[in-house]
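Some notes on the structure that comes next.
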2 protein chains.
Amino acid sequence: MAGKARRGNDITMSDIARHAGVSPMTVSRALSDPASVSEEMRKKVDAAVRRFGYLPNRIAGSLSSKRSNVVGLVIPSIRNSLYAAMIQAISNVLRANGLHLMIADSGHRLDDEESLVSALLAQRVCGLILHNTKHSQRLRELVARSDVPVVETGSLPARPLDMVVSYSNFDAARGMTAHLGRLGYRKIGFVTLPLRDNDRSRERRRGYFAALKDLGLSADEGLVLEADGGFSAGADALVRLVQTHPAIDAVFFAGDVLAVGALFECQRRGWAVPGRVAIASFDDLDLLRHAVPAVTTLHIPREEIGRRSAELLVNRLRGAPREKVRIDVGFEIVQRESS
Amino acid sequence: MAGKARRGNDITMSDIARHAGVSPMTVSRALSDPASVSEEMRKKVDAAVRRFGYLPNRIAGSLSSKRSNVVGLVIPSIRNSLYAAMIQAISNVLRANGLHLMIADSGHRLDDEESLVSALLAQRVCGLILHNTKHSQRLRELVARSDVPVVETGSLPARPLDMVVSYSNFDAARGMTAHLGRLGYRKIGFVTLPLRDNDRSRERRRGYFAALKDLGLSADEGLVLEADGGFSAGADALVRLVQTHPAIDAVFFAGDVLAVGALFECQRRGWAVPGRVAIASFDDLDLLRHAVPAVTTLHIPREEIGRRSAELLVNRLRGAPREKVRIDVGFEIVQRESS
DNA sequence: CTGTTAGCGCGTTCAC
DNA sequence: GTGAACGCGCTAACAG
């Protein structure tokens with residue numbers, strides 16, 4: 001499946017050259033590096049370009065120069081506002097540097113990630129950003145062979161492909177759990193997103209247990225629930241926890257909008273937050289700040305992650321030496337009214 | 001700014017051909033149309049491909065065949081969950097058809113849209129989806145000359161570039177206002193997103209006024225407020241309306257999360273919704289269904305818009321005749337507790 | 001500063 | 001069913 005890119009009578013660089021009375025090479029230079037050409041030539045070329053509405057063919061340019069200006073991005077799900085801030089930041093940085101963005105959605109599936117990366121490499125992207133750090137073996141080989149700079153994000157892997165910009169899911173979850181402990185909560189529930197094929201979720205759960213241990217609280221598997229994303233899932237999880245463990249005094253939702261769903265459920269049932277049960281969330285959605293009560297959460301600098309990832313790629317493309325970079329952007333605990 | 005796409009010793013089709021003991025042409029065929037090659041050849045080629053981890057160079061392929069497999073998408077803002085559902089749908093359809101997606105963010109600026117489209121056309125995308133229907137003259141020329149299929153969305157323009165898949169902002173806003181009238185509300189406020197460079201916002205406002213007229217209600221300019229996006233903006237707008245027009249009994253928020261911000265503000269102030277003031281929103285964010293009270297809103301089938309837009313492109317690329325298509329996907333009024 | 005030559009890695013086209 | 005020749009539109013490398 002593919003389509004004609006343009007009709008037959010497309011205007012080429014030679015056409016422009018002919019009409020400007022110069023060589024194609026001069027046109028090429030006038031367009032890509034105007035300073036390298038005399039003003040007279042430049043004017044002639046510019047005039048012809050405007051007159052015919054010439055658009056250079058970047059495909060041909062890329063093939064010839066062996067350099068592309070497209071960066072590939074693979075994310076687990078486009079439909080997740082968390083990533084939107086990151087993508088926006090990536091897009092801004094790339095654009096400021098004349099680069100373009102090709103986005104692919106892996107749907108949280110590892111094998112799909114592999115085929116997407118291979119498709120992106122076939123398109124000869126000049127860099128890759130992967131929001132995922134657990135990869136198939138073949139993906140690792142593909143990437144290694146391609147010699148394309150890669151930034152991984154989403155977590156801090158033990159064995160990075162190349163560069164990494166992320167925060168530690170373990171530290172963050174541990175930090176929030178400890179925070180709740182410090183506030184005096186003693187029976188802290190934990191609701192996680194699906195753990196399968198998702199090391200980010202697993203790290204968060206590990207962090208939760210580590211903090212319990214630090215706090216000298218006993219780990220009760222019954223206080224941990226796995227939930228799909230979404231408001232209802234959060235609501236259901238909260239209700240189940242409260243009903244099965246009436247002594248519960250706080251719940252930490254380690255994912256997407258779960259906490260808000262739970263909060264709404266409390267409003268519906270008239271359970272005071274944090275009076276009956278405190279609520280904490282992961283990720284600083286705008287929503288959380290404005291909800292009533294405002295929700296305690298972890299602020300992950302998603303925008304910064306995007307920006308710095310893109311900047312690292314840009315630097316590499318500009319010739320920065322190939323060295324492993326590992327940036328931990330950290331996180332922040334935002335204490336609000338819900339805890 | 002651009003980067004080496006790969007190191008020098010990249011494997012080419014000729015390399016594979018040599019090692020498989022066949023001609024490059026056979027490799028090409030074995031990969032793009034396996035059925036056109038004898039099983040023996042196919043096996044030899046496949047073996048060599050796997051052995052060397054060969055990845056065809058789609059850049060070269062596109063240049064040679066004059067067909068690309070990348071679709072360009074321009075949206076006003078990546079950071080807007082409304083578009084996420086649409087993008088996801090587009091991405092799914094394209095992927096199922098072997099196409100890729102290049103995303104650009106115009107930041108709601110018309111001149112940026114123009115330069116982005118021209119960059120995408122330079123990349124020789126095989127199709128374009130534009131979430132915007134008001135374009136610069138040069139953009140219209142660019143697109144016309146390129147002969148690339150285009151789908152516009154976001155509203156139903158009087159003078160489409162090519163194909164259109166959208167709903168009518170006018171009809172939707174009018175429908176909701178009429179709905180509020182039918183429910184008995186008589187002093188209906190209206191909060192719009194910025195009107196500048198945004199025909200979608202303007203259409204919505206027109207729809208609001210048209211409905212007031214239909215209802216025989218007087219149009220009071222003081223009941224109309226322009227607000228930036230975001231929760232706070234919605235909250236502020238509501239408070240201002242209620243304070244300047246104490247008799248107000250409903251407010252229709254024609255944009256993004258404004259309604260939710262207002263609802264939260266009501267919770268904070270103890271204003272009953274819909275007792276003191278009814279609230280209606282535009283666009284069926286998940287959030288609205290789960291808020292307390294659940295918010296009356298317009299359901300715009302964003303996912304359908306994305307899916308059908310992509311399908312139209314795919315059909316064209318498959319050879320469907322070039323005819324103007326205009327699909328109105330409609331909308332639905334979702335009556336909930338807030339009105 | 002400008003032009004010439006020679007590819008980039010494929011697919012189209014036409015022979016066989 | 002397979003191969004050889006040619007060209008896609010541009011840029012690297014070198015010569016002038």
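For the structure tokens, the naming scheme is as follows: chains receive sequential letters (A, B, ...) according to their order of presentation, residues are indexed from 1 within each chain, and ligands are indexed from 1 in presentation order.
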
Residues flagged strand (DSSP E or B) by DSSP in segment 140-275 of chain A, as a PyMOL selection string: chain A and resi 150-153+163-166+188-192+224-226+250-253

Just write the chosen residues, N, CA and C atoms, as a PDB file, in the first residue's frame.
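What landed in again06.pdb:
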ATOM      1  N   VAL A 150      19.839   6.748  19.675  1.00  0.00           N
ATOM      2  CA  VAL A 150      18.570   6.365  20.285  1.00  0.00           C
ATOM      3  C   VAL A 150      18.468   6.970  21.675  1.00  0.00           C
ATOM      4  N   VAL A 151      17.303   7.475  22.005  1.00  0.00           N
ATOM      5  CA  VAL A 151      17.031   7.878  23.376  1.00  0.00           C
ATOM      6  C   VAL A 151      15.899   7.018  23.900  1.00  0.00           C
ATOM      7  N   GLU A 152      16.142   6.378  25.014  1.00  0.00           N
ATOM      8  CA  GLU A 152      15.070   5.645  25.671  1.00  0.00           C
ATOM      9  C   GLU A 152      14.527   6.485  26.810  1.00  0.00           C
ATOM     10  N   THR A 153      13.257   6.306  27.071  1.00  0.00           N
ATOM     11  CA  THR A 153      12.680   7.017  28.188  1.00  0.00           C
ATOM     12  C   THR A 153      11.563   6.182  28.808  1.00  0.00           C
ATOM     13  N   MET A 163      21.278   6.322  24.762  1.00  0.00           N
ATOM     14  CA  MET A 163      21.057   7.393  25.729  1.00  0.00           C
ATOM     15  C   MET A 163      19.729   7.186  26.456  1.00  0.00           C
ATOM     16  N   VAL A 164      19.647   7.724  27.637  1.00  0.00           N
ATOM     17  CA  VAL A 164      18.420   7.587  28.430  1.00  0.00           C
ATOM     18  C   VAL A 164      18.071   8.912  29.085  1.00  0.00           C
ATOM     19  N   VAL A 165      16.815   9.284  29.013  1.00  0.00           N
ATOM     20  CA  VAL A 165      16.318  10.438  29.754  1.00  0.00           C
ATOM     21  C   VAL A 165      15.048   9.995  30.453  1.00  0.00           C
ATOM     22  N   SER A 166      15.086   9.915  31.750  1.00  0.00           N
ATOM     23  CA  SER A 166      13.892   9.450  32.434  1.00  0.00           C
ATOM     24  C   SER A 166      13.951   9.779  33.914  1.00  0.00           C
ATOM     25  N   ILE A 188      -1.820   1.689  53.882  1.00  0.00           N
ATOM     26  CA  ILE A 188      -1.766   2.353  52.582  1.00  0.00           C
ATOM     27  C   ILE A 188      -1.987   1.359  51.457  1.00  0.00           C
ATOM     28  N   GLY A 189      -3.080   1.538  50.749  1.00  0.00           N
ATOM     29  CA  GLY A 189      -3.342   0.669  49.599  1.00  0.00           C
ATOM     30  C   GLY A 189      -2.578   1.136  48.375  1.00  0.00           C
ATOM     31  N   PHE A 190      -2.504   0.239  47.396  1.00  0.00           N
ATOM     32  CA  PHE A 190      -1.766   0.566  46.178  1.00  0.00           C
ATOM     33  C   PHE A 190      -2.520   0.012  44.985  1.00  0.00           C
ATOM     34  N   VAL A 191      -2.777   0.863  44.014  1.00  0.00           N
ATOM     35  CA  VAL A 191      -3.459   0.408  42.800  1.00  0.00           C
ATOM     36  C   VAL A 191      -2.537   0.646  41.618  1.00  0.00           C
ATOM     37  N   THR A 192      -2.256  -0.440  40.920  1.00  0.00           N
ATOM     38  CA  THR A 192      -1.307  -0.347  39.808  1.00  0.00           C
ATOM     39  C   THR A 192      -1.998  -0.584  38.476  1.00  0.00           C
ATOM     40  N   VAL A 224      -2.959  -4.454  47.547  1.00  0.00           N
ATOM     41  CA  VAL A 224      -2.491  -4.104  46.208  1.00  0.00           C
ATOM     42  C   VAL A 224      -3.466  -4.627  45.162  1.00  0.00           C
ATOM     43  N   LEU A 225      -3.892  -3.729  44.307  1.00  0.00           N
ATOM     44  CA  LEU A 225      -4.842  -4.116  43.260  1.00  0.00           C
ATOM     45  C   LEU A 225      -4.299  -3.723  41.895  1.00  0.00           C
ATOM     46  N   GLU A 226      -4.573  -4.574  40.926  1.00  0.00           N
ATOM     47  CA  GLU A 226      -4.194  -4.232  39.561  1.00  0.00           C
ATOM     48  C   GLU A 226      -5.455  -3.777  38.839  1.00  0.00           C
ATOM     49  N   ALA A 250      -5.337   5.258  53.356  1.00  0.00           N
ATOM     50  CA  ALA A 250      -4.823   5.987  52.195  1.00  0.00           C
ATOM     51  C   ALA A 250      -4.684   5.026  51.024  1.00  0.00           C
ATOM     52  N   VAL A 251      -4.859   5.544  49.832  1.00  0.00           N
ATOM     53  CA  VAL A 251      -4.619   4.726  48.639  1.00  0.00           C
ATOM     54  C   VAL A 251      -3.768   5.523  47.661  1.00  0.00           C
ATOM     55  N   PHE A 252      -2.730   4.862  47.192  1.00  0.00           N
ATOM     56  CA  PHE A 252      -1.821   5.458  46.219  1.00  0.00           C
ATOM     57  C   PHE A 252      -2.125   4.827  44.861  1.00  0.00           C
ATOM     58  N   PHE A 253      -2.554   5.642  43.946  1.00  0.00           N
ATOM     59  CA  PHE A 253      -2.886   5.165  42.600  1.00  0.00           C
ATOM     60  C   PHE A 253      -1.702   5.417  41.674  1.00  0.00           C
TER      61      PHE A 253
END

Would you give me, as a ChimeraX atom specification, the residues of chain D that come within 6 Å of chain A, using only C-alpha atoms (C1' of nucleotides)? /D:9-11

In segment 157-318 of chain B, DSSP alpha helix (DSSP H) residues written as a PyMOL selection string: chain B and resi 169-182+199-215+231-244+258-269+286-290+302-317

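Using only C-alpha atoms for every distance, the candidate list B:Leu241, B:Leu73, B:Ala294, B:Leu312 yields B:Ala294 as the residue closest to Val273 of chain B.
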
Polymer residues at most 12 Å from DC14 of chain D, only C-alpha atoms (C1' of nucleotides), same-chain spacing of 4 or more positions, as a PDB file with C-alpha atoms (C1' of nucleotides), in the first residue's frame:
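Now in around_1.pdb:
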ATOM      1  C1'  DG C   3      30.446  23.516 -12.899  1.00  0.00           C
ATOM      2  C1'  DT C   4      31.235  18.505 -14.039  1.00  0.00           C
ATOM      3  C1'  DT C   5      31.075  13.838 -13.015  1.00  0.00           C
ATOM      4  C1'  DA C   6      29.514  10.125 -10.589  1.00  0.00           C
TER       5       DA C   6
END

Contacts of Phe282 of chain B within 12 Å, only C-alpha atoms (C1' of nucleotides), excl. fewer than 6 positions in-chain, as a PyMOL selection string: chain B and resi 82+169-170+172-177+190-193+200-201+204+251-260+288+295-301+331-335

With chain A as the partner and 9 Å as the cut-off, tabulate the residues of chain C that qualify, each row holding the nearest pair of atoms and their distance in Å to one decimal, using only C-alpha atoms (C1' of nucleotides), sorted by chain and rising number, as CSV.
residue,atom,partner,partner_atom,distance
C:DC1,C1',A:Val37,CA,6.4
C:DT2,C1',A:Thr26,CA,7.1
C:DG3,C1',A:Ser23,CA,6.6
C:DG7,C1',A:Ser64,CA,8.2
C:DC8,C1',A:Ser64,CA,4.5
C:DG9,C1',A:Leu63,CA,7.7

Those residues you just picked out, can you put them in a file as a CSV table (one decimal), in the first residue's frame with N, CA and C atoms (P, O5', C5', C4', C3', O3' and C1' of nucleotides)?
chain,number,residue,atom,x,y,z
C,1,DC,P,32.4,33.1,-1.9
C,1,DC,O5',32.0,32.6,-3.3
C,1,DC,C5',31.4,33.4,-4.2
C,1,DC,C4',31.6,32.8,-5.5
C,1,DC,C3',30.4,31.9,-6.0
C,1,DC,O3',30.0,32.4,-7.2
C,1,DC,C1',32.5,30.8,-6.3
C,2,DT,P,28.6,31.9,-7.8
C,2,DT,O5',29.0,30.7,-8.7
C,2,DT,C5',29.5,30.9,-10.0
C,2,DT,C4',30.0,29.6,-10.6
C,2,DT,C3',28.9,28.6,-10.9
C,2,DT,O3',28.6,28.6,-12.3
C,2,DT,C1',30.9,27.6,-10.0
C,3,DG,P,27.4,27.7,-12.9
C,3,DG,O5',28.2,26.4,-13.4
C,3,DG,C5',29.3,26.6,-14.3
C,3,DG,C4',30.0,25.3,-14.4
C,3,DG,C3',29.1,24.1,-14.8
C,3,DG,O3',29.8,23.4,-15.9
C,3,DG,C1',30.4,23.5,-12.9
C,7,DG,P,30.9,6.1,-10.1
C,7,DG,O5',29.3,6.1,-10.5
C,7,DG,C5',28.4,5.4,-9.6
C,7,DG,C4',28.4,6.1,-8.2
C,7,DG,C3',27.2,5.6,-7.4
C,7,DG,O3',27.7,5.2,-6.1
C,7,DG,C1',26.9,7.9,-7.8
C,8,DC,P,27.0,4.0,-5.4
C,8,DC,O5',25.9,4.7,-4.4
C,8,DC,C5',26.3,5.6,-3.3
C,8,DC,C4',25.0,6.1,-2.7
C,8,DC,C3',23.9,5.1,-2.6
C,8,DC,O3',23.8,4.7,-1.3
C,8,DC,C1',23.1,7.2,-3.6
C,9,DG,P,24.1,3.1,-1.0
C,9,DG,O5',22.7,2.4,-1.3
C,9,DG,C5',21.6,2.8,-0.6
C,9,DG,C4',20.4,2.4,-1.3
C,9,DG,C3',20.3,0.9,-1.7
C,9,DG,O3',19.1,0.5,-1.2
C,9,DG,C1',19.8,2.2,-3.6

Within 8 Å of Lys187 of chain A, counting only C-alpha atoms (C1' of nucleotides), which residues qualify if same-chain residues fewer than 3 places away don't, as number ranges by chain? A: 247-250

Only C-alpha atoms, please: the residues just picked out, written as a compact mmCIF listing (two decimals), in the first residue's frame.
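Wrote out-v2.txt, looks like this:
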# COMPACT_ATOMS: atom_id res chain seq x y z
CA ALA A 247 -9.06 0.11 58.24
CA ILE A 248 -7.41 1.44 55.08
CA ASP A 249 -6.53 5.10 55.47
CA ALA A 250 -4.82 5.99 52.20

Hey, which of B:Arg42, B:Lys213, B:His19, B:Arg318 ends up closest to chain A? Count only C-alpha atoms.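 Looking only at the distances to chain A, the closest residue turns out to be B:Arg318.
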